[in-house]
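Shown next, in C-alpha cells, is the structure this report addresses.
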Amino acid sequence: MSRGYFIVFEGIDGSGTTTQSRLLASYLSEAGLPVTRTREPGGTPVAEKIRQLVLDPSLVGVSPTAELFLYTASRSQHVEEVITPSLDRGDIVICDRYIASSIAYQGYGRGLDLAVVEQVNRLAVGECLPDATIYLHLPVEMAWARLGRRDVADRLEQTGMGLQEKVSRGYQQIAQKDPTGLVFDAQLEIDRLAERIQDELRRLWSWFPKEKE
Ligand code: TYD
C-alpha cells in the first residue's frame with residue numbers, strides 16, 4: 001500500500017459513529033493492517049483543547065461563525081499533525097467526524113451559508129479528502145432516546161432536538177451528493193451494522209480483508 005485510505009464516520013449525535021469507528025478499527029487491526037483511529041474535534045493536543053472549549057456546557061452565546069472557525073482550526077491541526085502523516089506512511093485512517101460535520105451542524109444546523117462552510121473547510125484541509133464516508137442514519141427521536149441514557153450533555157447536545165432535526169436533514173442532502181458516501185441504517189443491532197459496513201467496504205476495495213470464517 002502506498003498512500004493509505006481515509007475512512008470517515010458521520011451522523012447525528014447518538015447515531016453511533018464512535019462505536020462503529022472503533023469496531024471497524026479493531027477489525028482491520030486484527031487482520032494485521034496498520035490503522036490510525038482518531039476523532040474530531042480533537043486528535044492532537046491543540047485540537048483536544050479546542051474540543052474542551054467548543055463542547056463546554058457553560059459556554060453560551062458562541063456565534064455560529066466562531067463555532068465554524070473553532071472546529072476548522074481543530075481540523076486543520078489534525079490534518080497536518082495526524083491524518084496526512086498517517087496516510088503518507090500507508091495507514092488506514094478512521095476518523096469519527098470530518099468536513100461533513102461542519103456542513104451538517106454549522107451549515108444546515110446553525111444556518112451558515114453552505115458555500116462559505118465548504119470554502120473554510122477547503123482552506124483547513126487542502127487536498128486531504130476522505131476515500132469513503134460512512135453515514136449512519138438514525139431517526140432523531142431514537143438518537144435522542146439513546147443520548148438520554150448518558151449522564152452529561154455537552155453544549156451542542158443541550159441545544160436540543162430542533163438542531164438535530166436540521167442536522168439530520170442536512171446529512172441526507174450531503175450523503176446524496178457525496179461520491180464517496182455510503183449510507184447505513186443505524187437502527188440495526190451494533191454487530192450486524194458493523195458487518196454491513198465491512199461488507200460494503202469489501203465490495204469497494206480489493207485490499208479489504210476477507211470475511212472471518
Ligand atoms: P462527538 O465527538 O461525536 O460527541 P460525543 O463524544 O458526545 O459523541 O461530537 C461532538 C459534537 O460536535 C457533536 O455534537 C457534533 C459537533 N460537531 C460540529 O458541530 N461540527 C464539527 O465540525 C464537528 C467535527 C463536530
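Here, A, B, ... name the chains of the C-alpha cells in the order displayed, residue numbers run from 1 inside each chain, and ligands are numbered from 1 in the same displayed order.
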Closest pair table for chain A residues within 6 Å of ligand 1, only C-alpha atoms and all ligand atoms, as a Markdown table:
```
| residue | atom | partner | partner_atom_place_in_ligand_line | distance |
| --- | --- | --- | --- | --- |
| A:Asp13 | CA | ligand 1 | 14 (O) | 5.5 |
| A:Glu40 | CA | ligand 1 | 24 (C) | 4.5 |
| A:Pro41 | CA | ligand 1 | 24 (C) | 4.7 |
| A:Tyr71 | CA | ligand 1 | 22 (O) | 4.9 |
| A:Arg97 | CA | ligand 1 | 24 (C) | 5.1 |
| A:Tyr98 | CA | ligand 1 | 24 (C) | 5.3 |
| A:Ser101 | CA | ligand 1 | 21 (C) | 4.4 |
| A:Ser102 | CA | ligand 1 | 22 (O) | 3.7 |
| A:Tyr105 | CA | ligand 1 | 19 (O) | 4.5 |
| A:Gln106 | CA | ligand 1 | 19 (O) | 5.9 |
| A:Leu156 | CA | ligand 1 | 14 (O) | 5.1 |
| A:Glu157 | CA | ligand 1 | 14 (O) | 5.8 |
```
Excluding Ser86 of chain A and its own-chain neighbours fewer than 5 positions away, which residues fall within 8 Å of it when counting only C-alpha atoms? Please give them as a ChimeraX atom specification. /A:4,36,91-93
Write the residues of the selection above to a file with C-alpha atoms, as a short mmCIF file (atom, residue, chain, number, x, y, z; two decimals), in the first residue's frame.
```cif
data_model
loop_
_atom_site.label_atom_id
_atom_site.label_comp_id
_atom_site.auth_asym_id
_atom_site.auth_seq_id
_atom_site.Cartn_x
_atom_site.Cartn_y
_atom_site.Cartn_z
CA GLY A 4 -3.29 4.73 2.90
CA THR A 36 -4.88 5.09 12.92
CA ASP A 91 -2.13 3.67 7.36
CA ILE A 92 -5.87 3.26 7.12
CA VAL A 93 -7.12 6.36 8.91
#
```
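In this comparison, which uses only C-alpha atoms, the residue of A:Lys210, A:Arg146, A:Arg51, A:Arg39 approaching Ile99 of chain A most closely is A:Arg39.
Restricting the calculation to only C-alpha atoms, the smallest distance between Ile190 of chain A and any of A:Ser29, A:Leu123, A:Leu136, A:Leu68 is found for A:Leu136.
Residue nearest Arg110 of chain A within the list A:Arg37, A:Arg22, A:Arg3, A:Lys166: A:Lys166 [criterion: smallest interatomic distance, only C-alpha atoms].
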If DSSP is run on the backbone, what residues of chain A are alpha helix (DSSP H)? A reply as a ChimeraX atom specification would be ideal. /A:17-30,45-54,64-78,84-88,99-101,114-125,140-147,155-158,161-177,190-204
Test item, strand (DSSP E) assignment across segment 21-113 of chain A, answer as a PDB file with N, CA and C atoms, in the first residue's frame:
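Output below, filename out10.pdb:
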```
ATOM      1  N   VAL A  35      -3.553   0.749  11.291  1.00  0.00           N
ATOM      2  CA  VAL A  35      -4.734   1.606  11.440  1.00  0.00           C
ATOM      3  C   VAL A  35      -4.422   2.773  12.367  1.00  0.00           C
ATOM      4  N   THR A  36      -4.879   3.955  11.998  1.00  0.00           N
ATOM      5  CA  THR A  36      -4.879   5.095  12.917  1.00  0.00           C
ATOM      6  C   THR A  36      -6.325   5.479  13.141  1.00  0.00           C
ATOM      7  N   ARG A  37      -6.787   5.387  14.409  1.00  0.00           N
ATOM      8  CA  ARG A  37      -8.163   5.795  14.704  1.00  0.00           C
ATOM      9  C   ARG A  37      -8.121   7.133  15.417  1.00  0.00           C
ATOM     10  N   THR A  38      -8.935   8.045  14.953  1.00  0.00           N
ATOM     11  CA  THR A  38      -8.910   9.370  15.537  1.00  0.00           C
ATOM     12  C   THR A  38     -10.305   9.992  15.490  1.00  0.00           C
ATOM     13  N   ARG A  39     -10.423  11.224  16.014  1.00  0.00           N
ATOM     14  CA  ARG A  39     -11.767  11.807  16.098  1.00  0.00           C
ATOM     15  C   ARG A  39     -11.705  13.327  15.989  1.00  0.00           C
ATOM     16  N   ILE A  92      -4.445   3.024   7.349  1.00  0.00           N
ATOM     17  CA  ILE A  92      -5.868   3.261   7.118  1.00  0.00           C
ATOM     18  C   ILE A  92      -6.291   4.194   8.253  1.00  0.00           C
ATOM     19  N   VAL A  93      -6.725   5.387   7.896  1.00  0.00           N
ATOM     20  CA  VAL A  93      -7.122   6.359   8.909  1.00  0.00           C
ATOM     21  C   VAL A  93      -8.637   6.310   9.058  1.00  0.00           C
ATOM     22  N   ILE A  94      -9.088   6.075  10.284  1.00  0.00           N
ATOM     23  CA  ILE A  94     -10.530   6.020  10.557  1.00  0.00           C
ATOM     24  C   ILE A  94     -10.858   7.182  11.473  1.00  0.00           C
ATOM     25  N   CYS A  95     -11.653   8.091  10.975  1.00  0.00           N
ATOM     26  CA  CYS A  95     -11.907   9.325  11.723  1.00  0.00           C
ATOM     27  C   CYS A  95     -13.396   9.456  12.045  1.00  0.00           C
ATOM     28  N   ASP A  96     -13.659   9.705  13.331  1.00  0.00           N
ATOM     29  CA  ASP A  96     -15.013   9.930  13.823  1.00  0.00           C
ATOM     30  C   ASP A  96     -15.319  11.419  13.565  1.00  0.00           C
TER      31      ASP A  96
END
```
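Nearest residue to Ala104 of chain A, choosing from A:Glu10, A:Glu80, A:Glu141, A:Asp178 and counting only C-alpha atoms: A:Glu10.
Comparing the minimum interatomic distances between Val116 of chain A and each of A:Leu147, A:Ile103, A:Ile197, A:Met161, counting only C-alpha atoms, we find that A:Ile103 sits nearest.
Nearest to Pro64 of chain A of all the residues A:Gly111, A:Leu182, A:Ser21, A:Gly16 is A:Gly111, based on only C-alpha atoms.
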Nearby residues (only C-alpha atoms) at most 8 Å from segment 124-132 of chain A, same-chain spacing under 3 positions excluded, as a PyMOL selection string: chain A and resi 5-8+72-73+75-76+79+84+120-121+180-182
Written file, previous selection with all heavy atoms, as an mmCIF file, in the first residue's frame:
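And here's selection.cif as it stands now:
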```cif
data_model
loop_
_atom_site.group_PDB
_atom_site.id
_atom_site.type_symbol
_atom_site.label_atom_id
_atom_site.label_comp_id
_atom_site.auth_asym_id
_atom_site.auth_seq_id
_atom_site.Cartn_x
_atom_site.Cartn_y
_atom_site.Cartn_z
ATOM 1 N N TYR A 5 -5.668 4.706 3.222
ATOM 2 C CA TYR A 5 -7.068 5.001 2.905
ATOM 3 C C TYR A 5 -7.668 5.782 4.065
ATOM 4 O O TYR A 5 -7.352 5.520 5.231
ATOM 5 C CB TYR A 5 -7.853 3.707 2.679
ATOM 6 C CG TYR A 5 -7.536 3.099 1.340
ATOM 7 C CD1 TYR A 5 -6.395 2.325 1.174
ATOM 8 C CD2 TYR A 5 -8.342 3.344 0.236
ATOM 9 C CE1 TYR A 5 -6.074 1.782 -0.058
ATOM 10 C CE2 TYR A 5 -8.031 2.810 -1.006
ATOM 11 C CZ TYR A 5 -6.896 2.029 -1.147
ATOM 12 O OH TYR A 5 -6.581 1.510 -2.366
ATOM 13 N N PHE A 6 -8.544 6.698 3.695
ATOM 14 C CA PHE A 6 -9.121 7.608 4.692
ATOM 15 C C PHE A 6 -10.630 7.350 4.768
ATOM 16 O O PHE A 6 -11.363 7.563 3.792
ATOM 17 C CB PHE A 6 -8.802 9.044 4.252
ATOM 18 C CG PHE A 6 -9.201 10.126 5.218
ATOM 19 C CD1 PHE A 6 -9.543 9.841 6.534
ATOM 20 C CD2 PHE A 6 -9.210 11.457 4.803
ATOM 21 C CE1 PHE A 6 -9.897 10.850 7.416
ATOM 22 C CE2 PHE A 6 -9.566 12.471 5.672
ATOM 23 C CZ PHE A 6 -9.915 12.170 6.978
ATOM 24 N N ILE A 7 -11.067 6.843 5.917
ATOM 25 C CA ILE A 7 -12.484 6.486 6.111
ATOM 26 C C ILE A 7 -13.063 7.356 7.223
ATOM 27 O O ILE A 7 -12.493 7.437 8.314
ATOM 28 C CB ILE A 7 -12.627 5.000 6.513
ATOM 29 C CG1 ILE A 7 -11.949 4.104 5.468
ATOM 30 C CG2 ILE A 7 -14.100 4.624 6.681
ATOM 31 C CD1 ILE A 7 -11.853 2.634 5.886
ATOM 32 N N VAL A 8 -14.193 7.998 6.937
ATOM 33 C CA VAL A 8 -14.817 8.904 7.911
ATOM 34 C C VAL A 8 -16.199 8.377 8.293
ATOM 35 O O VAL A 8 -16.927 7.864 7.434
ATOM 36 C CB VAL A 8 -14.927 10.324 7.300
ATOM 37 C CG1 VAL A 8 -15.784 11.230 8.175
ATOM 38 C CG2 VAL A 8 -13.554 10.932 7.087
ATOM 39 N N THR A 72 -12.904 24.177 12.528
ATOM 40 C CA THR A 72 -11.983 24.052 11.394
ATOM 41 C C THR A 72 -10.534 24.289 11.826
ATOM 42 O O THR A 72 -9.616 23.743 11.218
ATOM 43 C CB THR A 72 -12.384 24.969 10.224
ATOM 44 O OG1 THR A 72 -12.695 26.259 10.736
ATOM 45 C CG2 THR A 72 -13.569 24.423 9.466
ATOM 46 N N ALA A 73 -10.336 25.069 12.898
ATOM 47 C CA ALA A 73 -8.973 25.218 13.444
ATOM 48 C C ALA A 73 -8.506 23.858 13.952
ATOM 49 O O ALA A 73 -7.380 23.417 13.661
ATOM 50 C CB ALA A 73 -8.979 26.236 14.581
ATOM 51 N N ARG A 75 -9.592 21.009 12.968
ATOM 52 C CA ARG A 75 -9.438 20.115 11.801
ATOM 53 C C ARG A 75 -8.113 20.342 11.093
ATOM 54 O O ARG A 75 -7.435 19.391 10.690
ATOM 55 C CB ARG A 75 -10.626 20.361 10.843
ATOM 56 C CG ARG A 75 -10.645 19.466 9.615
ATOM 57 C CD ARG A 75 -12.039 19.389 9.014
ATOM 58 N NE ARG A 75 -12.975 18.884 10.003
ATOM 59 C CZ ARG A 75 -14.144 19.464 10.298
ATOM 60 N NH1 ARG A 75 -14.550 20.524 9.638
ATOM 61 N NH2 ARG A 75 -14.907 18.952 11.235
ATOM 62 N N SER A 76 -7.739 21.595 10.928
ATOM 63 C CA SER A 76 -6.506 21.922 10.216
ATOM 64 C C SER A 76 -5.289 21.335 10.944
ATOM 65 O O SER A 76 -4.399 20.716 10.336
ATOM 66 C CB SER A 76 -6.409 23.438 10.121
ATOM 67 O OG SER A 76 -5.167 23.800 9.628
ATOM 68 N N VAL A 79 -5.301 17.516 10.518
ATOM 69 C CA VAL A 79 -4.856 17.073 9.189
ATOM 70 C C VAL A 79 -3.330 17.114 9.138
ATOM 71 O O VAL A 79 -2.672 16.162 8.706
ATOM 72 C CB VAL A 79 -5.468 17.968 8.077
ATOM 73 C CG1 VAL A 79 -4.745 17.780 6.743
ATOM 74 C CG2 VAL A 79 -6.950 17.664 7.924
ATOM 75 N N THR A 84 -2.582 13.459 7.578
ATOM 76 C CA THR A 84 -1.690 13.379 6.413
ATOM 77 C C THR A 84 -0.468 12.500 6.691
ATOM 78 O O THR A 84 -0.171 11.600 5.883
ATOM 79 C CB THR A 84 -1.277 14.800 5.947
ATOM 80 O OG1 THR A 84 -2.472 15.496 5.620
ATOM 81 C CG2 THR A 84 -0.367 14.761 4.744
ATOM 82 N N VAL A 120 -14.266 27.397 3.849
ATOM 83 C CA VAL A 120 -13.426 27.450 5.054
ATOM 84 C C VAL A 120 -12.823 26.062 5.309
ATOM 85 O O VAL A 120 -11.650 25.923 5.655
ATOM 86 C CB VAL A 120 -14.238 27.949 6.274
ATOM 87 C CG1 VAL A 120 -13.442 27.832 7.555
ATOM 88 C CG2 VAL A 120 -14.687 29.390 6.063
ATOM 89 N N ASN A 121 -13.617 25.038 5.094
ATOM 90 C CA ASN A 121 -13.111 23.680 5.277
ATOM 91 C C ASN A 121 -12.023 23.340 4.274
ATOM 92 O O ASN A 121 -11.043 22.675 4.604
ATOM 93 C CB ASN A 121 -14.252 22.666 5.180
ATOM 94 C CG ASN A 121 -14.878 22.436 6.532
ATOM 95 O OD1 ASN A 121 -14.357 21.673 7.341
ATOM 96 N ND2 ASN A 121 -15.953 23.154 6.798
ATOM 97 N N THR A 180 -18.252 9.706 -2.378
ATOM 98 C CA THR A 180 -17.607 8.689 -1.523
ATOM 99 C C THR A 180 -18.579 8.175 -0.462
ATOM 100 O O THR A 180 -18.200 7.389 0.398
ATOM 101 C CB THR A 180 -16.371 9.253 -0.778
ATOM 102 O OG1 THR A 180 -16.818 10.057 0.337
ATOM 103 C CG2 THR A 180 -15.483 10.097 -1.685
ATOM 104 N N GLY A 181 -19.825 8.622 -0.521
ATOM 105 C CA GLY A 181 -20.766 8.360 0.578
ATOM 106 C C GLY A 181 -21.398 6.968 0.554
ATOM 107 O O GLY A 181 -21.785 6.468 -0.502
ATOM 108 N N LEU A 182 -21.510 6.353 1.733
ATOM 109 C CA LEU A 182 -22.225 5.085 1.908
ATOM 110 C C LEU A 182 -23.175 5.291 3.075
ATOM 111 O O LEU A 182 -22.744 5.680 4.160
ATOM 112 C CB LEU A 182 -21.238 3.968 2.247
ATOM 113 C CG LEU A 182 -20.120 3.685 1.226
ATOM 114 C CD1 LEU A 182 -19.033 2.829 1.848
ATOM 115 C CD2 LEU A 182 -20.705 2.993 -0.004
#
```
